[in-house]
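Dumped start.cif below, it's mmCIF, C-alpha atoms:
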data_input
loop_
_atom_site.label_atom_id
_atom_site.label_comp_id
_atom_site.auth_asym_id
_atom_site.auth_seq_id
_atom_site.Cartn_x
_atom_site.Cartn_y
_atom_site.Cartn_z
CA LEU A 1 10.22 31.13 17.24
CA ILE A 2 12.45 31.91 20.20
CA GLN A 3 12.58 28.22 21.16
CA GLN A 4 13.44 27.24 17.59
CA HIS A 5 16.18 29.86 17.47
CA VAL A 6 17.69 28.60 20.71
CA TYR A 7 17.48 25.02 19.41
CA ASP A 8 19.17 25.96 16.15
CA THR A 9 22.10 27.52 18.03
CA ILE A 10 22.92 24.25 19.83
CA PRO A 11 25.93 22.55 18.20
CA ASP A 12 25.01 19.44 16.24
CA GLU A 13 26.86 17.01 18.52
CA GLU A 14 25.15 18.40 21.62
CA ARG A 15 21.77 18.41 19.88
CA TYR A 16 22.06 14.76 18.83
CA GLN A 17 23.22 13.76 22.30
CA LEU A 18 20.30 15.62 23.85
CA HIS A 19 17.80 13.80 21.63
CA LEU A 20 19.46 10.49 22.40
CA ASP A 21 19.45 11.09 26.16
CA ILE A 22 15.78 12.12 26.13
CA GLY A 23 14.84 9.09 24.03
CA ILE A 24 16.70 6.63 26.25
CA TYR A 25 15.25 8.20 29.41
CA LEU A 26 11.69 8.01 28.10
CA GLY A 27 12.36 4.50 26.82
CA THR A 28 12.96 3.35 30.39
CA MET A 29 9.34 4.29 31.12
CA THR A 30 8.09 1.75 28.56
CA LEU A 31 8.35 -1.97 27.99
CA LEU A 32 10.37 -1.52 24.81
CA ASP A 33 13.26 -3.59 26.16
CA ALA A 34 11.04 -6.36 27.52
CA ASP A 35 11.08 -9.75 25.84
CA THR A 36 7.33 -9.59 25.25
CA LEU A 37 5.70 -6.27 24.42
CA LYS A 38 2.09 -5.90 25.46
CA SER A 39 -0.41 -3.75 23.62
CA SER A 40 -2.65 -2.96 26.58
CA LEU A 41 -2.42 -0.39 29.32
CA ASP A 42 -1.86 -3.24 31.74
CA GLY A 43 1.59 -3.62 30.24
CA GLY A 44 2.77 -0.15 31.24
CA VAL A 45 2.63 3.37 29.89
CA ASP A 46 4.05 2.57 26.44
CA GLN A 47 0.55 2.79 24.95
CA LEU A 48 -0.36 6.07 26.67
CA TYR A 49 -1.92 8.45 24.14
CA LEU A 50 -0.70 12.01 24.13
CA SER A 51 -1.62 14.97 21.97
CA ASP A 52 0.48 15.62 18.88
CA ALA A 53 0.19 19.33 18.23
CA SER A 54 1.99 18.99 14.91
CA SER A 55 -1.09 17.57 13.22
CA THR A 56 -2.44 19.62 10.35
CA ASP A 57 -5.39 17.42 9.40
CA ASP A 58 -8.48 19.57 10.00
CA SER A 59 -6.85 20.94 13.16
CA VAL A 60 -7.45 17.66 14.95
CA ALA A 61 -4.51 16.47 17.04
CA LYS A 62 -3.37 13.00 16.04
CA PRO A 63 -2.94 10.44 18.83
CA SER A 64 0.67 9.71 19.58
CA THR A 65 1.98 7.01 21.89
CA LEU A 66 4.85 7.48 24.26
CA VAL A 67 6.65 4.89 22.16
CA SER A 68 6.43 7.12 19.10
CA ILE A 69 7.79 10.05 21.12
CA VAL A 70 10.70 7.87 22.24
CA THR A 71 11.51 6.78 18.68
CA ASP A 72 11.13 10.34 17.38
CA GLN A 73 13.87 11.40 19.81
CA ILE A 74 16.10 8.45 18.95
CA ASN A 75 15.61 9.02 15.23
CA ALA A 76 16.39 12.71 15.62
CA ALA A 77 19.81 11.65 16.88
CA GLY A 78 20.07 9.23 13.98
CA PRO A 79 22.01 6.02 13.33
CA SER A 80 25.18 7.87 12.33
CA PHE A 81 25.44 9.22 15.89
CA VAL A 82 25.06 5.77 17.47
CA THR A 83 28.18 3.68 16.99
CA ASP A 84 27.57 0.90 19.51
CA GLU A 85 26.20 -2.12 17.62
CA SER A 86 24.04 -3.38 20.49
CA GLN A 87 22.44 0.06 20.86
CA ARG A 88 21.72 0.23 17.14
CA ILE A 89 19.96 -3.14 17.32
CA ARG A 90 18.07 -1.93 20.39
CA PHE A 91 16.84 1.23 18.66
CA ALA A 92 15.94 -0.71 15.51
CA SER A 93 13.68 -2.92 17.61
CA TRP A 94 12.12 0.18 19.18
CA ASN A 95 11.30 1.48 15.71
CA LEU A 96 9.86 -1.92 14.81
CA HIS A 97 7.48 -1.71 17.77
CA ALA A 98 6.50 1.88 16.92
CA GLY A 99 5.93 0.89 13.29
CA LYS A 100 3.66 -1.98 14.28
CA ASP A 101 1.73 0.33 16.60
CA ALA A 102 1.21 2.91 13.83
CA ALA A 103 0.18 0.21 11.35
CA GLU A 104 -2.40 -1.13 13.81
CA HIS A 105 -3.96 2.34 13.71
CA SER A 106 -3.80 2.36 9.88
CA ASN A 107 -1.26 5.20 9.95
CA PHE A 108 0.89 3.62 7.27
CA ARG A 109 2.91 6.77 6.55
CA ALA A 110 4.06 6.90 10.19
CA ALA A 111 4.57 3.13 10.17
CA LEU A 112 6.79 3.34 7.09
CA PHE A 113 8.75 6.19 8.69
CA ASN A 114 9.52 4.04 11.72
CA TYR A 115 10.26 0.88 9.75
CA GLU A 116 12.68 2.77 7.50
CA ASN A 117 14.41 4.37 10.49
CA GLY A 118 14.74 0.93 12.06
CA ILE A 119 16.28 -0.38 8.86
CA ALA A 120 18.67 2.58 8.82
CA PHE A 121 19.99 1.63 12.27
CA LEU A 122 20.90 -1.80 10.87
CA ALA A 123 22.08 -0.57 7.47
CA ASP A 124 25.75 -1.60 7.80
CA MET A 125 25.09 -4.86 9.64
CA PRO A 126 24.77 -8.22 7.84
CA TRP A 127 21.61 -10.22 8.44
CA GLY A 128 23.65 -13.11 9.76
CA PRO A 129 26.00 -11.68 12.44
CA GLY A 130 29.39 -13.40 12.32
CA ASP A 131 31.87 -14.51 14.93
CA GLY A 132 34.66 -12.33 13.56
CA ASP A 133 35.93 -15.01 11.17
CA GLY A 134 33.11 -14.66 8.68
CA ASP A 135 31.06 -17.55 10.05
CA VAL A 136 27.42 -16.97 10.91
CA VAL A 137 26.60 -17.42 14.57
CA ASP A 138 23.27 -19.22 15.01
CA ASP A 139 22.39 -18.47 18.63
CA GLU A 140 19.24 -17.01 20.17
CA ASP A 141 20.45 -13.40 19.92
CA SER A 142 21.38 -13.82 16.27
CA ALA A 143 18.02 -15.39 15.50
CA GLY A 144 16.29 -12.46 17.20
CA PHE A 145 18.40 -10.03 15.19
CA ARG A 146 17.47 -11.71 11.91
CA THR A 147 13.81 -11.72 12.89
CA CYS A 148 14.02 -7.98 13.63
CA CYS A 149 15.60 -7.37 10.20
CA ARG A 150 12.95 -9.43 8.45
CA GLU A 151 10.01 -7.87 10.28
CA LEU A 152 11.27 -4.33 9.66
CA HIS A 153 11.47 -5.03 5.93
CA GLU A 154 8.12 -6.84 5.89
CA GLY A 155 6.53 -3.88 7.67
CA ALA A 156 8.15 -1.42 5.28
CA ALA A 157 6.99 -3.44 2.27
CA PHE A 158 3.43 -3.80 3.57
CA SER A 159 3.17 -0.12 4.49
CA SER A 160 4.52 0.86 1.08
CA LEU A 161 1.90 -1.38 -0.53
CA ALA A 162 -0.84 0.34 1.49
CA LEU A 163 0.53 3.72 0.36
CA GLY A 164 0.61 2.70 -3.30
CA GLU A 165 4.40 2.68 -3.68
CA PRO A 166 5.17 -0.56 -5.56
CA GLY A 167 8.82 0.35 -6.14
CA LYS A 168 9.51 0.37 -2.41
CA VAL A 169 7.48 -2.81 -1.92
CA GLU A 170 9.65 -4.62 -4.44
CA ARG A 171 12.90 -3.28 -2.95
CA TYR A 172 12.10 -4.30 0.61
CA ALA A 173 10.59 -7.64 -0.40
CA ARG A 174 13.62 -8.50 -2.53
CA THR A 175 15.95 -7.69 0.36
CA ILE A 176 14.14 -10.26 2.50
CA ILE A 177 14.12 -12.88 -0.25
CA GLU A 178 17.86 -12.46 -0.77
CA ASN A 179 18.71 -12.79 2.94
CA VAL A 180 16.48 -15.45 4.49
CA PRO A 181 15.63 -19.10 3.76
CA PHE A 182 12.72 -19.60 1.36
CA GLU A 183 10.36 -20.80 4.10
CA ASP A 184 10.89 -17.53 5.98
CA SER A 185 10.33 -15.41 2.89
CA LEU A 186 6.73 -16.33 2.06
CA VAL A 187 5.26 -13.02 3.25
CA ALA A 188 7.89 -11.19 1.20
CA GLN A 189 7.19 -13.42 -1.81
CA ALA A 190 3.50 -12.51 -1.66
CA LEU A 191 4.29 -8.80 -1.29
CA HIS A 192 6.73 -9.01 -4.18
CA VAL A 193 4.05 -10.49 -6.45
CA LYS A 194 1.63 -7.75 -5.39
CA SER A 195 4.24 -5.07 -6.10
CA LEU A 196 4.68 -6.40 -9.64
CA LEU A 197 0.93 -6.45 -10.11
CA GLY A 198 0.65 -2.89 -8.78
CA ALA A 199 3.28 -1.78 -11.28
CA ALA A 200 1.26 -3.40 -14.13
CA ARG A 201 4.13 -5.83 -14.83
CA TYR A 202 1.71 -8.64 -15.55
CA ALA A 203 4.06 -11.11 -17.28
CA GLU A 204 6.52 -10.87 -14.37
CA THR A 205 3.65 -11.22 -11.89
CA ILE A 206 2.57 -14.51 -13.46
CA ALA A 207 6.12 -15.84 -13.85
CA THR A 208 7.08 -14.95 -10.27
CA GLY A 209 3.86 -16.38 -8.84
CA LEU A 210 4.31 -19.65 -10.74
CA ALA A 211 7.94 -19.89 -9.60
CA VAL A 212 6.90 -19.51 -5.96
CA LEU A 213 4.16 -22.14 -6.34
CA ARG A 214 6.63 -24.59 -7.82
CA LEU A 215 9.03 -23.97 -4.93
CA LEU A 216 6.10 -24.82 -2.67
CA LYS A 217 5.84 -28.15 -4.53
CA PHE A 218 2.66 -27.30 -6.42
CA ASP A 219 2.67 -28.96 -9.83
CA VAL A 220 1.68 -26.15 -12.18
CA PRO A 221 1.78 -27.25 -15.84
CA SER A 222 3.12 -24.82 -18.44
CA ALA A 223 -0.25 -24.88 -20.25
CA PRO A 224 -2.80 -25.63 -17.51
CA THR A 225 -6.35 -26.67 -18.25
CA PRO A 226 -9.26 -24.91 -16.46
CA MET A 227 -9.59 -27.97 -14.20
CA ALA A 228 -5.87 -27.83 -13.31
CA VAL A 229 -6.18 -24.12 -12.47
CA TYR A 230 -9.23 -24.82 -10.26
CA ARG A 231 -7.48 -27.72 -8.49
CA THR A 232 -4.38 -25.56 -7.80
CA MET A 233 -6.55 -22.75 -6.44
CA ILE A 234 -8.17 -25.18 -4.02
CA GLU A 235 -4.78 -26.54 -2.94
CA THR A 236 -3.21 -23.09 -2.39
CA GLY A 237 -6.27 -21.98 -0.47
CA ASN A 238 -5.50 -24.67 2.10
CA VAL A 239 -1.87 -23.56 2.62
#

Give the structure from this file in structure tokens form.
Amino acid sequence: LIQQHVYDTIPDEERYQLHLDIGIYLGTMTLLDADTLKSSLDGGVDQLYLSDASSTDDSVAKPSTLVSIVTDQINAAGPSFVTDESQRIRFASWNLHAGKDAAEHSNFRAALFNYENGIAFLADMPWGPGDGDGDVVDDEDSAGFRTCCRELHEGAAFSSLALGEPGKVERYARTIIENVPFEDSLVAQALHVKSLLGAARYAETIATGLAVLRLLKFDVPSAPTPMAVYRTMIETGNV
């Protein structure tokens, strides 16, 4: 209680800066900024499990990686406190890594929390960064940025699906579909169809699924015979 009282008396600006400084410092002890992130202990201490005393599930402490501690600190500062665009992209990618780590442990609530925080850091940034004149720059950094955006939304959609929240699945999947080429949206297209099915919107599920199949060059007749349905199932199974 005394610690909480002292914390509450710290001015907001100082508090956010403190969280940010702690997060950045701890981030230097991980491979979060490396080009390739490893999931084993051989890659560094970013997968070190520590006790999370905040767990309330049967008094058993939940495992928490150093990465999740880093992102918790960064997220406590929040995207509104970080104005530098490169830093916001950096912290979004950190949340992406933490989200993937949580999802690998089937902790989809924590995964969704990280994915949504990552998305928040990129909220005011277009998926195709421009050169200042409105033209999209298609270099390696821009491609990496777009991949980060897409994977954050895919992760958020998948985690929402696992948590039984079809409304969020549809929102995140639609965002991907509206911002990337069709060939890069196939995961989102599948999640979108599943979100419609989960919401019992069966007519839309069928219509959307058929539309995607036709975009994939599958000839689906408007009134298919049982043999045509079987043949299409075999063909899609090989995709």

| When the PyMOL selection byres ((chain A and resi 173) around 12) is applied to the file above, which residues end up in the set, as a ChimeraX atom specification? | /A:149-161,166-172,174-180,184-196

Using C-alpha atoms, can you write the selected residues to a file as a PDB file, in the frame of the given file?
ATOM      1  CA  CYS A 149      15.600  -7.370  10.200  1.00  0.00           C
ATOM      2  CA  ARG A 150      12.950  -9.430   8.450  1.00  0.00           C
ATOM      3  CA  GLU A 151      10.010  -7.870  10.280  1.00  0.00           C
ATOM      4  CA  LEU A 152      11.270  -4.330   9.660  1.00  0.00           C
ATOM      5  CA  HIS A 153      11.470  -5.030   5.930  1.00  0.00           C
ATOM      6  CA  GLU A 154       8.120  -6.840   5.890  1.00  0.00           C
ATOM      7  CA  GLY A 155       6.530  -3.880   7.670  1.00  0.00           C
ATOM      8  CA  ALA A 156       8.150  -1.420   5.280  1.00  0.00           C
ATOM      9  CA  ALA A 157       6.990  -3.440   2.270  1.00  0.00           C
ATOM     10  CA  PHE A 158       3.430  -3.800   3.570  1.00  0.00           C
ATOM     11  CA  SER A 159       3.170  -0.120   4.490  1.00  0.00           C
ATOM     12  CA  SER A 160       4.520   0.860   1.080  1.00  0.00           C
ATOM     13  CA  LEU A 161       1.900  -1.380  -0.530  1.00  0.00           C
ATOM     14  CA  PRO A 166       5.170  -0.560  -5.560  1.00  0.00           C
ATOM     15  CA  GLY A 167       8.820   0.350  -6.140  1.00  0.00           C
ATOM     16  CA  LYS A 168       9.510   0.370  -2.410  1.00  0.00           C
ATOM     17  CA  VAL A 169       7.480  -2.810  -1.920  1.00  0.00           C
ATOM     18  CA  GLU A 170       9.650  -4.620  -4.440  1.00  0.00           C
ATOM     19  CA  ARG A 171      12.900  -3.280  -2.950  1.00  0.00           C
ATOM     20  CA  TYR A 172      12.100  -4.300   0.610  1.00  0.00           C
ATOM     21  CA  ARG A 174      13.620  -8.500  -2.530  1.00  0.00           C
ATOM     22  CA  THR A 175      15.950  -7.690   0.360  1.00  0.00           C
ATOM     23  CA  ILE A 176      14.140 -10.260   2.500  1.00  0.00           C
ATOM     24  CA  ILE A 177      14.120 -12.880  -0.250  1.00  0.00           C
ATOM     25  CA  GLU A 178      17.860 -12.460  -0.770  1.00  0.00           C
ATOM     26  CA  ASN A 179      18.710 -12.790   2.940  1.00  0.00           C
ATOM     27  CA  VAL A 180      16.480 -15.450   4.490  1.00  0.00           C
ATOM     28  CA  ASP A 184      10.890 -17.530   5.980  1.00  0.00           C
ATOM     29  CA  SER A 185      10.330 -15.410   2.890  1.00  0.00           C
ATOM     30  CA  LEU A 186       6.730 -16.330   2.060  1.00  0.00           C
ATOM     31  CA  VAL A 187       5.260 -13.020   3.250  1.00  0.00           C
ATOM     32  CA  ALA A 188       7.890 -11.190   1.200  1.00  0.00           C
ATOM     33  CA  GLN A 189       7.190 -13.420  -1.810  1.00  0.00           C
ATOM     34  CA  ALA A 190       3.500 -12.510  -1.660  1.00  0.00           C
ATOM     35  CA  LEU A 191       4.290  -8.800  -1.290  1.00  0.00           C
ATOM     36  CA  HIS A 192       6.730  -9.010  -4.180  1.00  0.00           C
ATOM     37  CA  VAL A 193       4.050 -10.490  -6.450  1.00  0.00           C
ATOM     38  CA  LYS A 194       1.630  -7.750  -5.390  1.00  0.00           C
ATOM     39  CA  SER A 195       4.240  -5.070  -6.100  1.00  0.00           C
ATOM     40  CA  LEU A 196       4.680  -6.400  -9.640  1.00  0.00           C
TER      41      LEU A 196
END

| Between atom CA of Ser142 of chain A and atom CA of Asn75 of chain A, what is the distance, to one decimal in Å? | 23.6 Å

| query | So what does the PyMOL selection byres ((chain A and resi 22) around 12) actually pick up in this one, as a ChimeraX atom specification? | reply | /A:15-21,23-29,69-77

| task | Please check which residues have atoms at most 9 Å from (-2.9, 0.1, -5.4) in the file's coordinates, counting all atoms listed in the file, and write them as a count of residues only. | result | 10

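Minimum distance to Trp94 of chain A across A:Val82, A:Asn107, A:Thr30, A:Trp127 (counting all atoms listed in the file) occurs at A:Thr30.
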
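Considering only C-alpha atoms, the residue among A:Val67, A:Ile234, A:Ala200, A:Met125 positioned nearest to Ile89 of chain A is A:Met125.
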
| remark: Across A:Ala92, A:Ala102, A:Ala110, A:Ile10, the smallest distance to Cys148 of chain A, with only C-alpha atoms counted, is shown by A:Ala92

Around all the atoms of segment 89-96 of chain A listed in the file, draw an axis-aligned box and extend it by 5 Å on each of the six sides; I want its centre and edge lengths in Å to one decimal, as JSON.
{"center_x": 14.9, "center_y": -0.8, "center_z": 17.6, "size_x": 20.1, "size_y": 14.6, "size_z": 15.6}

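The shortest atom-to-atom distance to Thr147 of chain A, with all atoms listed in the file taken into account, belongs to A:Pro181 out of A:Pro226, A:Pro79, A:Pro181, A:Pro221.
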
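Rounded to one decimal, atom CA of Glu104 of chain A and atom CA of Asp141 of chain A lie 26.6 Å from each other.
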
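Computed from the coordinates, the atom CA of Tyr115 of chain A to atom CA of Asp12 of chain A distance equals 24.6 Å.
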
| task | To verify the selection step, state as a ChimeraX atom specification which residues the PyMOL selection byres ((chain A and resi 118) around 8) yields on this input. | result | /A:91-96,114-117,119-122,152
